[in-house]
$ cat entry-v3.csv   # CSV, C-alpha atoms
chain,number,residue,atom,x,y,z
A,155,MET,CA,-28.4,21.5,14.6
A,156,ALA,CA,-25.0,20.2,13.4
A,157,ILE,CA,-25.0,16.7,11.9
A,158,GLU,CA,-21.9,14.6,12.9
A,159,VAL,CA,-20.0,12.6,10.3
A,160,LYS,CA,-18.7,9.6,12.2
A,161,VAL,CA,-16.3,6.7,11.4
A,162,PRO,CA,-18.6,3.8,10.4
A,163,PRO,CA,-18.0,0.1,11.3
A,164,LEU,CA,-14.8,-0.9,9.4
A,165,GLY,CA,-15.2,-4.6,9.0
A,166,GLU,CA,-14.3,-7.7,10.9
A,167,SER,CA,-11.1,-7.3,13.1
A,168,ILE,CA,-10.5,-3.7,12.0
A,169,VAL,CA,-10.9,-1.2,14.8
A,170,GLU,CA,-9.1,1.9,13.4
A,171,ALA,CA,-8.3,3.7,10.2
A,172,THR,CA,-6.4,6.7,8.8
A,173,VAL,CA,-8.1,9.7,7.4
A,174,GLY,CA,-7.3,9.8,3.7
A,175,ARG,CA,-8.4,12.4,1.2
A,176,TRP,CA,-11.1,15.0,2.1
A,177,LEU,CA,-13.2,15.3,-1.0
A,178,LYS,CA,-15.0,18.4,0.4
A,179,ASN,CA,-13.7,21.6,2.0
A,180,GLU,CA,-15.2,23.5,4.9
A,181,GLY,CA,-18.0,25.6,3.5
A,182,ASP,CA,-18.8,23.3,0.6
A,183,ALA,CA,-22.3,22.1,0.0
A,184,VAL,CA,-22.9,18.4,0.3
A,185,LYS,CA,-25.8,16.2,-0.8
A,186,ALA,CA,-27.2,13.3,1.2
A,187,GLY,CA,-25.3,10.2,0.3
A,188,GLU,CA,-22.4,12.2,-1.2
A,189,THR,CA,-18.9,11.0,-0.2
A,190,VAL,CA,-17.0,13.6,1.8
A,191,VAL,CA,-13.9,11.7,3.0
A,192,GLU,CA,-12.0,8.5,2.3
A,193,LEU,CA,-10.6,6.3,5.1
A,194,GLU,CA,-7.6,4.0,4.7
A,195,THR,CA,-7.8,0.7,6.6
A,196,ASP,CA,-5.3,-2.2,6.8
A,197,LYS,CA,-7.1,-3.9,3.9
A,198,VAL,CA,-9.3,-1.5,1.9
A,199,ASN,CA,-10.2,2.1,1.5
A,200,LEU,CA,-13.7,3.1,2.6
A,201,GLU,CA,-15.8,6.1,1.6
A,202,VAL,CA,-17.7,8.0,4.2
A,203,ALA,CA,-20.8,9.8,3.0
A,204,ALA,CA,-23.0,12.5,4.4
A,205,ASP,CA,-26.3,11.2,5.9
A,206,GLN,CA,-28.1,14.5,5.2
A,207,ALA,CA,-27.6,17.5,2.9
A,208,GLY,CA,-26.1,20.7,4.1
A,209,VAL,CA,-22.8,22.6,4.3
A,210,LEU,CA,-19.6,21.0,5.6
A,211,GLU,CA,-19.2,23.2,8.7
A,212,ARG,CA,-16.0,22.0,10.2
A,213,ILE,CA,-13.4,19.3,9.6
A,214,LEU,CA,-12.3,17.8,12.9
A,215,ARG,CA,-9.9,15.2,11.8
A,216,PRO,CA,-7.4,16.2,9.1
A,217,GLN,CA,-5.7,14.0,6.6
A,218,GLY,CA,-3.2,11.5,8.2
A,219,GLU,CA,-4.9,11.3,11.6
A,220,THR,CA,-5.7,7.9,13.1
A,221,VAL,CA,-9.3,7.4,14.0
A,222,ALA,CA,-11.4,4.7,15.6
A,223,ILE,CA,-15.0,3.5,15.0
A,224,GLY,CA,-17.5,6.1,16.2
A,225,ASP,CA,-15.0,9.1,16.1
A,226,VAL,CA,-16.5,12.3,14.8
A,227,LEU,CA,-14.8,13.3,11.5
A,228,ALA,CA,-16.7,16.5,10.7
A,229,THR,CA,-19.9,18.4,11.2
A,230,ILE,CA,-22.5,19.4,8.6
A,231,ALA,CA,-24.9,22.3,9.1
A,232,ALA,CA,-28.1,22.9,7.3
A,233,GLY,CA,-27.9,25.6,4.7
A,234,GLU,CA,-26.5,26.5,1.3
A,235,ALA,CA,-22.9,26.6,0.2
A,236,GLY,CA,-21.0,29.4,1.8
A,237,ALA,CA,-23.6,30.2,4.4
A,238,THR,CA,-21.4,29.0,7.2
A,239,ALA,CA,-18.0,29.3,5.5
A,240,PRO,CA,-15.4,30.3,8.1
A,241,GLU,CA,-13.9,33.8,8.0
A,242,PRO,CA,-10.4,33.9,6.5
A,243,ALA,CA,-7.6,34.2,8.9
A,244,PRO,CA,-5.8,37.6,9.0
A,245,ALA,CA,-2.7,38.0,7.0
A,246,PRO,CA,0.6,37.4,8.8
A,247,THR,CA,2.5,40.4,10.2
A,248,ALA,CA,5.9,41.3,9.0
A,249,SER,CA,7.5,40.1,12.2
A,250,ALA,CA,10.1,37.4,11.6
A,251,THR,CA,8.8,35.4,14.5
A,252,PRO,CA,5.0,35.5,14.9
A,253,PRO,CA,3.6,36.3,18.3
A,254,PRO,CA,2.0,33.5,20.4
A,255,THR,CA,-1.6,32.6,19.7
A,256,ASP,CA,-4.4,33.9,21.9
A,257,GLY,CA,-3.9,31.7,24.9
A,258,ARG,CA,-4.3,28.4,23.1
A,259,THR,CA,-2.3,25.4,24.0
A,260,ALA,CA,-0.4,23.3,21.4
A,261,GLU,CA,-3.2,20.7,21.5
A,262,GLU,CA,-5.8,23.3,20.6
A,263,VAL,CA,-4.0,24.7,17.6
A,264,ARG,CA,-5.4,23.4,14.4
A,265,VAL,CA,-2.6,22.3,12.1
A,266,THR,CA,-2.2,20.4,8.8
A,267,PRO,CA,-0.6,16.9,9.1
A,268,VAL,CA,2.5,18.0,7.2
A,269,ALA,CA,2.9,21.0,9.5
A,270,ARG,CA,2.6,18.8,12.6
A,271,ARG,CA,5.3,16.5,11.4
A,272,VAL,CA,7.6,19.5,10.6
A,273,ALA,CA,6.9,20.9,14.1
A,274,GLU,CA,7.8,17.5,15.7
A,275,ASP,CA,11.0,17.2,13.6
A,276,LYS,CA,12.2,20.8,14.5
A,277,GLY,CA,10.9,20.8,18.1
A,278,VAL,CA,8.5,23.8,17.5
A,279,ASP,CA,5.9,24.5,20.2
A,280,LEU,CA,2.6,24.8,18.2
A,281,SER,CA,1.2,27.2,20.7
A,282,SER,CA,3.8,29.8,19.4
A,283,VAL,CA,2.8,29.4,15.8
A,284,GLN,CA,0.5,32.0,14.1
A,285,PRO,CA,-1.8,30.1,11.7
A,286,THR,CA,-2.4,31.7,8.3
A,287,GLY,CA,-4.0,28.8,6.4
A,288,LEU,CA,-7.6,28.2,5.5
A,289,SER,CA,-10.0,28.0,8.5
A,290,GLY,CA,-7.3,29.2,10.8
A,291,ARG,CA,-5.1,26.1,10.3
A,292,ALA,CA,-1.3,26.3,10.8
A,293,THR,CA,0.6,25.4,7.7
A,294,LYS,CA,4.1,24.0,7.1
A,295,GLU,CA,5.3,27.6,6.2
A,296,ASP,CA,3.9,28.9,9.5
A,297,VAL,CA,5.9,26.4,11.4
A,298,LEU,CA,9.1,27.1,9.5
A,299,ARG,CA,8.5,30.8,10.0
A,300,ALA,CA,8.3,30.2,13.8
A,301,THR,CA,11.8,28.6,13.7
A,302,GLN,CA,13.5,31.7,12.3
A,303,PRO,CA,15.1,34.0,15.0
A,304,ALA,CA,14.1,37.6,15.2
A,305,ALA,CA,16.4,39.9,13.1
A,306,PRO,CA,19.1,41.3,15.3
A,307,ALA,CA,19.7,45.1,15.4
A,308,ALA,CA,22.1,46.4,12.8
A,309,ALA,CA,25.6,46.7,14.1
A,310,PRO,CA,27.6,49.9,13.6
A,311,ALA,CA,29.8,49.9,10.5
A,312,PRO,CA,33.4,49.1,11.4
A,313,ALA,CA,36.1,51.7,11.0
A,314,PRO,CA,38.2,51.2,7.9
A,315,ALA,CA,41.3,49.1,8.5
A,316,PRO,CA,44.6,50.8,8.0
A,317,THR,CA,46.6,49.7,4.9
A,318,PRO,CA,49.3,47.3,6.1
A,319,THR,CA,52.9,47.9,5.1
A,320,PRO,CA,54.6,45.1,3.1
A,321,ALA,CA,56.6,44.0,6.0
A,322,ARG,CA,53.6,43.6,8.3
A,323,VAL,CA,51.2,41.8,6.0
A,324,ALA,CA,49.3,39.2,8.1
A,325,PRO,CA,48.8,35.6,6.7
A,326,ALA,CA,45.4,34.8,5.1
A,327,ALA,CA,42.8,33.8,7.5
A,328,ALA,CA,41.1,30.3,7.3
A,329,PRO,CA,37.6,30.4,5.6
A,330,THR,CA,34.8,30.8,8.1
A,331,PRO,CA,32.2,28.0,8.6
A,332,ALA,CA,29.7,30.2,6.7
A,333,ALA,CA,32.0,30.4,3.7
A,334,GLN,CA,32.7,26.7,3.8
A,335,ALA,CA,28.9,26.0,3.8
A,336,ALA,CA,28.5,28.2,0.8
A,337,ALA,CA,31.2,26.4,-1.2
A,338,PRO,CA,30.1,24.6,-4.4
A,339,GLY,CA,29.0,21.0,-3.9
A,340,THR,CA,28.0,21.4,-0.2
A,341,GLN,CA,24.4,22.4,-0.8
A,342,ALA,CA,21.8,20.1,0.8
A,343,ARG,CA,20.4,17.4,-1.5
A,344,PRO,CA,16.7,17.4,-2.1
A,345,GLU,CA,14.7,14.8,-0.1
A,346,GLU,CA,11.0,14.1,0.2
A,347,ARG,CA,9.3,12.6,3.2
A,348,VAL,CA,6.2,10.6,2.3
A,349,ARG,CA,3.9,9.0,4.9
A,350,MET,CA,3.2,5.3,4.4
A,351,THR,CA,-0.4,4.5,3.7
A,352,ARG,CA,-2.1,2.3,6.2
A,353,ARG,CA,-2.1,-0.5,3.7
A,354,ARG,CA,1.6,-0.2,3.1
A,355,GLN,CA,2.2,-0.2,6.9
A,356,THR,CA,0.2,-3.3,7.3
A,357,ILE,CA,2.0,-5.0,4.4
A,358,ALA,CA,5.3,-4.2,6.0
A,359,GLN,CA,4.2,-5.4,9.4
A,360,ARG,CA,2.8,-8.7,8.0
A,361,LEU,CA,5.9,-9.5,5.9
A,362,VAL,CA,8.2,-9.0,8.9
A,363,GLU,CA,5.8,-11.1,11.0
A,364,ALA,CA,5.9,-13.9,8.4
A,365,GLN,CA,9.7,-13.9,8.4
A,366,GLN,CA,9.8,-14.0,12.2
A,367,THR,CA,7.1,-16.6,12.9
A,368,ALA,CA,7.4,-19.2,10.1
A,369,ALA,CA,10.2,-21.5,9.2
A,370,MET,CA,10.1,-20.5,5.5
A,371,LEU,CA,11.9,-22.4,2.9
A,372,THR,CA,11.7,-22.2,-0.9
A,373,THR,CA,12.0,-25.0,-3.5
A,374,PHE,CA,12.1,-24.5,-7.3
A,375,ASN,CA,11.2,-26.3,-10.5
A,376,GLU,CA,10.7,-25.4,-14.2
A,377,LEU,CA,7.7,-26.1,-16.4
A,378,ASP,CA,7.5,-26.6,-20.2
A,379,MET,CA,4.5,-24.3,-21.1
A,380,THR,CA,4.2,-25.7,-24.7
A,381,ALA,CA,1.0,-27.7,-24.1
A,382,VAL,CA,-0.9,-25.0,-22.3
A,383,MET,CA,0.2,-22.4,-24.9
A,384,ASP,CA,-1.0,-24.7,-27.7
A,385,ILE,CA,-4.4,-25.1,-26.0
A,386,ARG,CA,-4.8,-21.4,-25.5
A,387,LYS,CA,-3.8,-20.7,-29.2
A,388,LYS,CA,-6.3,-23.3,-30.4
A,389,ARG,CA,-9.2,-22.5,-28.1
A,390,ARG,CA,-8.7,-18.8,-27.3
A,391,GLU,CA,-11.1,-17.3,-29.8
A,392,SER,CA,-14.0,-19.8,-29.3
A,393,PHE,CA,-13.5,-19.7,-25.5
A,394,GLU,CA,-13.8,-15.9,-25.4
A,395,LYS,CA,-16.8,-15.9,-27.8
A,396,ARG,CA,-18.6,-18.5,-25.7
A,397,ASN,CA,-17.8,-17.2,-22.2
A,398,GLY,CA,-17.1,-13.5,-22.7
A,399,VAL,CA,-13.7,-13.7,-21.0
A,400,ARG,CA,-10.1,-14.4,-22.2
A,401,LEU,CA,-8.6,-17.8,-21.5
A,402,GLY,CA,-5.5,-16.9,-19.5
A,403,PHE,CA,-2.8,-18.9,-17.8
A,404,MET,CA,-4.1,-18.4,-14.3
A,405,SER,CA,-7.0,-20.8,-14.6
A,406,PHE,CA,-4.7,-23.6,-15.6
A,407,PHE,CA,-2.5,-22.9,-12.5
A,408,VAL,CA,-5.4,-22.6,-10.2
A,409,LYS,CA,-6.6,-26.0,-11.4
A,410,ALA,CA,-3.1,-27.5,-11.2
A,411,THR,CA,-2.6,-26.1,-7.7
A,412,ILE,CA,-5.9,-27.6,-6.4
A,413,GLY,CA,-4.9,-31.0,-7.8
A,414,ALA,CA,-1.5,-30.7,-6.0
A,415,LEU,CA,-3.2,-29.6,-2.8
A,416,LYS,CA,-5.5,-32.6,-2.8
A,417,ALA,CA,-2.4,-34.8,-3.1
A,418,PHE,CA,-0.5,-33.0,-0.4
A,419,PRO,CA,-3.1,-31.6,2.0
A,420,ASN,CA,-0.6,-30.2,4.5
A,421,LEU,CA,0.0,-27.3,2.1
A,422,ASN,CA,-3.7,-26.4,2.4
A,423,ALA,CA,-3.6,-26.0,6.2
A,424,GLU,CA,-2.6,-23.7,9.0
A,425,ILE,CA,-1.1,-24.0,12.4
A,426,ASP,CA,-3.1,-23.3,15.6
A,427,GLY,CA,-0.9,-23.7,18.6
A,428,THR,CA,0.1,-27.4,18.6
A,429,ASP,CA,-2.7,-28.4,16.2
A,430,ILE,CA,-2.7,-28.5,12.4
A,431,ILE,CA,-6.0,-27.4,10.8
A,432,LEU,CA,-6.4,-29.1,7.5
A,433,LYS,CA,-8.8,-27.2,5.1
A,434,ARG,CA,-11.1,-29.4,3.1
A,435,TYR,CA,-12.1,-26.5,0.8
A,436,TYR,CA,-10.0,-24.5,-1.6
A,437,ASP,CA,-10.1,-20.8,-1.4
A,438,ILE,CA,-7.2,-19.7,-3.6
A,439,GLY,CA,-5.8,-16.2,-3.1
A,440,VAL,CA,-4.5,-14.5,-6.2
A,441,ALA,CA,-2.0,-11.7,-5.6
A,442,VAL,CA,-2.8,-8.5,-7.5
A,443,GLY,CA,-0.7,-5.4,-7.7
A,444,ALA,CA,-2.7,-2.3,-6.9
A,445,GLU,CA,-1.8,1.4,-6.6
A,446,GLY,CA,-1.6,1.3,-2.8
A,447,GLY,CA,0.3,-2.0,-2.7
A,448,LEU,CA,-0.1,-5.7,-3.2
A,449,VAL,CA,-3.5,-7.2,-2.3
A,450,VAL,CA,-4.6,-10.8,-2.3
A,451,PRO,CA,-8.3,-11.2,-3.2
A,452,VAL,CA,-9.7,-14.7,-2.8
A,453,VAL,CA,-11.3,-17.0,-5.4
A,454,ARG,CA,-13.8,-18.9,-3.2
A,455,ASP,CA,-14.4,-22.7,-3.7
A,456,ALA,CA,-12.1,-22.7,-6.7
A,457,ASP,CA,-12.3,-26.4,-7.0
A,458,ARG,CA,-16.0,-26.1,-7.9
A,459,LEU,CA,-15.5,-23.5,-10.7
A,460,THR,CA,-14.9,-24.1,-14.4
A,461,PHE,CA,-12.0,-22.5,-16.3
A,462,ALA,CA,-14.4,-19.7,-17.4
A,463,GLN,CA,-15.7,-19.1,-13.9
A,464,ILE,CA,-12.2,-18.8,-12.6
A,465,GLU,CA,-11.1,-16.4,-15.3
A,466,LYS,CA,-14.2,-14.2,-14.8
A,467,THR,CA,-13.7,-14.1,-11.0
A,468,ILE,CA,-10.0,-13.2,-11.3
A,469,GLU,CA,-10.9,-10.5,-13.8
A,470,GLU,CA,-13.6,-9.0,-11.6
A,471,LEU,CA,-11.3,-9.0,-8.6
A,472,ALA,CA,-8.5,-7.4,-10.6
A,473,VAL,CA,-10.8,-4.6,-11.8
A,474,LYS,CA,-12.0,-4.0,-8.2
A,475,ALA,CA,-8.3,-3.9,-7.0
A,476,ARG,CA,-7.4,-1.3,-9.6
A,477,ASN,CA,-10.5,0.8,-8.8
A,478,ASN,CA,-9.8,0.4,-5.1
A,479,THR,CA,-13.3,-1.0,-4.5
A,480,LEU,CA,-12.4,-4.4,-3.0
A,481,SER,CA,-14.5,-5.3,0.0
A,482,ILE,CA,-13.3,-6.8,3.3
A,483,GLN,CA,-15.1,-10.1,2.2
A,484,ASP,CA,-13.0,-10.1,-1.0
A,485,LEU,CA,-9.8,-10.3,1.0
A,486,GLN,CA,-10.7,-12.4,4.0
A,487,GLY,CA,-9.7,-16.1,4.3
A,488,GLY,CA,-7.8,-17.9,1.7
A,489,THR,CA,-6.1,-21.3,2.1
A,490,PHE,CA,-3.3,-21.0,-0.4
A,491,THR,CA,-1.9,-18.1,-2.5
A,492,ILE,CA,-0.6,-17.8,-6.1
A,493,THR,CA,1.5,-14.8,-7.1
A,494,ASN,CA,2.7,-14.1,-10.6
A,495,GLY,CA,5.8,-11.9,-10.8
A,496,GLY,CA,6.2,-12.9,-14.4
A,497,VAL,CA,3.7,-10.2,-15.5
A,498,PHE,CA,6.3,-7.7,-14.3
A,499,GLY,CA,9.2,-9.5,-16.0
A,500,SER,CA,10.5,-11.5,-13.0
A,501,LEU,CA,12.5,-14.5,-14.0
A,502,LEU,CA,13.0,-16.0,-10.5
A,503,SER,CA,12.0,-15.0,-6.9
A,504,THR,CA,11.3,-16.4,-3.4
A,505,PRO,CA,7.8,-15.4,-2.4
A,506,ILE,CA,6.9,-14.7,1.2
A,507,LEU,CA,4.1,-16.6,3.0
A,508,ASN,CA,0.7,-14.9,3.5
A,509,PRO,CA,0.0,-16.0,7.2
A,510,PRO,CA,-1.6,-18.1,8.4
A,511,GLN,CA,-1.2,-19.9,5.1
A,512,VAL,CA,1.7,-22.3,4.9
A,513,GLY,CA,2.3,-22.3,1.2
A,514,ILE,CA,2.5,-19.8,-1.7
A,515,LEU,CA,3.3,-20.6,-5.4
A,516,GLY,CA,5.3,-18.1,-7.3
A,517,LEU,CA,5.0,-17.9,-11.1
A,518,HIS,CA,7.5,-16.2,-13.4
A,519,LYS,CA,8.3,-15.0,-16.9
A,520,ILE,CA,7.9,-17.5,-19.8
A,521,GLU,CA,11.2,-17.6,-21.7
A,522,GLU,CA,12.3,-19.6,-24.7
A,523,ARG,CA,15.3,-21.7,-23.6
A,524,PRO,CA,17.2,-24.6,-25.1
A,525,ILE,CA,16.4,-27.9,-23.3
A,526,ALA,CA,17.1,-31.6,-24.0
A,527,ARG,CA,14.3,-33.7,-25.2
A,528,ASP,CA,14.8,-37.3,-26.3
A,529,GLY,CA,18.5,-36.7,-26.9
A,530,GLN,CA,17.9,-33.5,-28.9
A,531,VAL,CA,18.3,-29.9,-28.0
A,532,VAL,CA,15.1,-28.0,-28.7
A,533,ILE,CA,13.8,-24.5,-27.9
A,534,ARG,CA,10.8,-24.5,-25.6
A,535,PRO,CA,8.8,-21.8,-23.7
A,536,MET,CA,9.9,-22.5,-20.1
A,537,MET,CA,8.8,-21.0,-16.8
A,538,TYR,CA,10.5,-21.2,-13.4
A,539,VAL,CA,8.1,-21.8,-10.5
A,540,ALA,CA,8.9,-21.4,-6.8
A,541,LEU,CA,7.1,-22.8,-3.7
A,542,THR,CA,7.7,-21.2,-0.4
A,543,TYR,CA,6.4,-23.3,2.5
A,544,ASP,CA,6.3,-23.4,6.3
A,545,HIS,CA,8.8,-26.1,7.2
A,546,ARG,CA,7.2,-26.5,10.6
A,547,ILE,CA,4.5,-28.7,9.1
A,548,VAL,CA,5.6,-29.3,5.5
A,549,ASP,CA,8.6,-31.5,4.8
A,550,GLY,CA,11.0,-30.8,2.0
A,551,ARG,CA,9.9,-34.1,0.3
A,552,GLU,CA,6.2,-32.9,0.3
A,553,ALA,CA,7.2,-29.5,-1.1
A,554,VAL,CA,9.2,-31.0,-3.9
A,555,GLN,CA,6.5,-33.5,-4.8
A,556,PHE,CA,3.9,-30.7,-4.7
A,557,LEU,CA,5.8,-28.8,-7.4
A,558,VAL,CA,6.4,-32.0,-9.4
A,559,LYS,CA,2.6,-32.5,-9.3
A,560,VAL,CA,2.0,-29.0,-10.6
A,561,LYS,CA,4.6,-29.6,-13.3
A,562,GLU,CA,2.9,-32.8,-14.4
A,563,LEU,CA,-0.6,-31.2,-14.6
A,564,ILE,CA,0.6,-28.1,-16.5
A,565,GLU,CA,2.7,-30.1,-19.0
A,566,ASP,CA,-0.2,-32.5,-19.6
A,567,PRO,CA,-3.2,-30.3,-19.1
A,568,GLU,CA,-5.7,-32.9,-20.2
A,569,THR,CA,-5.1,-34.5,-16.8
A,570,LEU,CA,-6.6,-31.4,-15.2
A,571,LEU,CA,-10.0,-32.7,-16.1
A,572,LEU,CA,-9.3,-36.1,-14.5
A,573,GLU,CA,-8.0,-34.3,-11.3
A,574,GLY,CA,-11.3,-32.4,-11.0
$ encode --input "entry-v3.csv" --output "structure tokens"
Amino acid sequence: MAIEVKVPPLGESIVEATVGRWLKNEGDAVKAGETVVELETDKVNLEVAADQAGVLERILRPQGETVAIGDVLATIAAGEAGATAPEPAPAPTASATPPPTDGRTAEEVRVTPVARRVAEDKGVDLSSVQPTGLSGRATKEDVLRATQPAAPAAAPAPAPAPTPTPARVAPAAAPTPAAQAAAPGTQARPEERVRMTRRRQTIAQRLVEAQQTAAMLTTFNELDMTAVMDIRKKRRESFEKRNGVRLGFMSFFVKATIGALKAFPNLNAEIDGTDIILKRYYDIGVAVGAEGGLVVPVVRDADRLTFAQIEKTIEELAVKARNNTLSIQDLQGGTFTITNGGVFGSLLSTPILNPPQVGILGLHKIEERPIARDGQVVIRPMMYVALTYDHRIVDGREAVQFLVKVKELIEDPETLLLEG
């Protein structure tokens, strides 16, 4: 009896996914608990494993298809590798246009995702395509072959034209369209069509929604990073030896942000209809660049954590983001976000809100710049910071004072202990 591989529960508020990579081919042996396919969701990628050992009999949902919870992805049959491997499809005939399939409709023709998109672009009826791929699946080449017209019968050779006399020479004819198309510089330029991952689609949708639903405004300030850099230089070795993690800049900014949020609670809130929900806890999202796009894992109850605990949590989340192993729980919630474009060299930017949050702090590259101190021009390591906020519930005065508070705490980091 065939064993069905189904789409598992995907997490809170996620009802569908996109089929990603198939790690096994039809006819491959699989072990119980072995991953056979990856699913892409709005937030994370999920691995789907075989419940029992056997042979992957048939893949029902190819890469790129959208599936819902409970959909059957594939079937597994008991047996050894190759026992149920499908017979290879017959080689294509020499005909320029392949004959129609054996009575199947377009919906019944098995086709690769790329071939399906090519068929849609070129208006090809899949029922007229002769599949030649593995497991009887139509490929991109099969679809393109179906678009080629049958070769016309050879026309009889024209009789040789008489040699014109000098007085009767006709003017040169204009070049034909075919000749024009073959002229140098008119060849088609190479392009590549790449499907967005589900995560990238969601990022795009949420960014547009943020622009359309919030009254976003950004205010700026600059910080002198001398004091923080001095502390890191003085304490870095002992801190890492004692805690097993490096002392970075992010723990200072998380602590400073929490101090500013306590002073200006409207930035740690969200809008629900005509109500403002003020959060009395501090779950700080830290934006991390991953291969599939930006993700924002959350440091829970950051106000209760030490510098070392914050650094360890951020490091663990960053590793999970790079390995694509973040869970839904790692990404849910968050009351305020910090994003650091400085690690990529950004000098200044205007970050976009992460709804339903109403504030996001953008950090940037540290650069030595000349500034005035006590009537003297000195060189200091400076950083521009940006606060984007939802002007519907945060006034400009609050936003400016919030950044000033962050500036005070970073430039005098000893006060971070007093601010809790």
$ closest_residue --input "entry-v3.csv" --among "A:Asp279, A:Asn199, A:Thr373, A:Leu501" --to "Lys474 in chain A" --atoms "only C-alpha atoms"
A:Asn199
$ residues_near_point --input "entry-v3.csv" --point "(-2.7, 4.6, 7.7)" --cutoff "6 Å" --atoms "only C-alpha atoms" --output "mmCIF file with C-alpha atoms, in the frame of the given file"
data_model
loop_
_atom_site.group_PDB
_atom_site.id
_atom_site.type_symbol
_atom_site.label_atom_id
_atom_site.label_comp_id
_atom_site.auth_asym_id
_atom_site.auth_seq_id
_atom_site.Cartn_x
_atom_site.Cartn_y
_atom_site.Cartn_z
ATOM 1 C CA THR A 172 -6.400 6.700 8.800
ATOM 2 C CA GLU A 194 -7.600 4.000 4.700
ATOM 3 C CA THR A 351 -0.400 4.500 3.700
ATOM 4 C CA ARG A 352 -2.100 2.300 6.200
#
$ atom_distance --input "entry-v3.csv" --atom1 "CA of Thr195 in chain A" --atom2 "CA of Arg353 in chain A"
6.5 Å
$ closest_residue --input "entry-v3.csv" --among "A:Lys519, A:Pro505, A:Pro524, A:Glu219" --to "Met370 in chain A" --atoms "all atoms listed in the file"
A:Pro505
$ closest_residue --input "entry-v3.csv" --among "A:Ile385, A:Ala526, A:Val497, A:Leu401" --to "Glu469 in chain A" --atoms "all atoms listed in the file"
A:Leu401
$ closest_residue --input "entry-v3.csv" --among "A:Thr220, A:Thr489, A:Gly398, A:Ile468" --to "Asp437 in chain A" --atoms "all atoms listed in the file"
A:Thr489
$ residues_around --input "entry-v3.csv" --residues "Arg476 in chain A" --least-positions-apart "5" --cutoff "10 Å" --atoms "all atoms listed in the file" --output "PyMOL selection string"
chain A and resi 442-446+471
$ residues_around --input "entry-v3.csv" --residues "Val191 in chain A" --least-positions-apart "4" --cutoff "9 Å" --atoms "only C-alpha atoms" --output "ChimeraX atom specification"
/A:173-178,200-203,227
$ write_last_selection --input "entry-v3.csv" --atoms "C-alpha atoms" --output "PDB file, in the frame of the given file"
ATOM      1  CA  VAL A 173      -8.100   9.700   7.400  1.00  0.00           C
ATOM      2  CA  GLY A 174      -7.300   9.800   3.700  1.00  0.00           C
ATOM      3  CA  ARG A 175      -8.400  12.400   1.200  1.00  0.00           C
ATOM      4  CA  TRP A 176     -11.100  15.000   2.100  1.00  0.00           C
ATOM      5  CA  LEU A 177     -13.200  15.300  -1.000  1.00  0.00           C
ATOM      6  CA  LYS A 178     -15.000  18.400   0.400  1.00  0.00           C
ATOM      7  CA  LEU A 200     -13.700   3.100   2.600  1.00  0.00           C
ATOM      8  CA  GLU A 201     -15.800   6.100   1.600  1.00  0.00           C
ATOM      9  CA  VAL A 202     -17.700   8.000   4.200  1.00  0.00           C
ATOM     10  CA  ALA A 203     -20.800   9.800   3.000  1.00  0.00           C
ATOM     11  CA  LEU A 227     -14.800  13.300  11.500  1.00  0.00           C
TER      12      LEU A 227
END
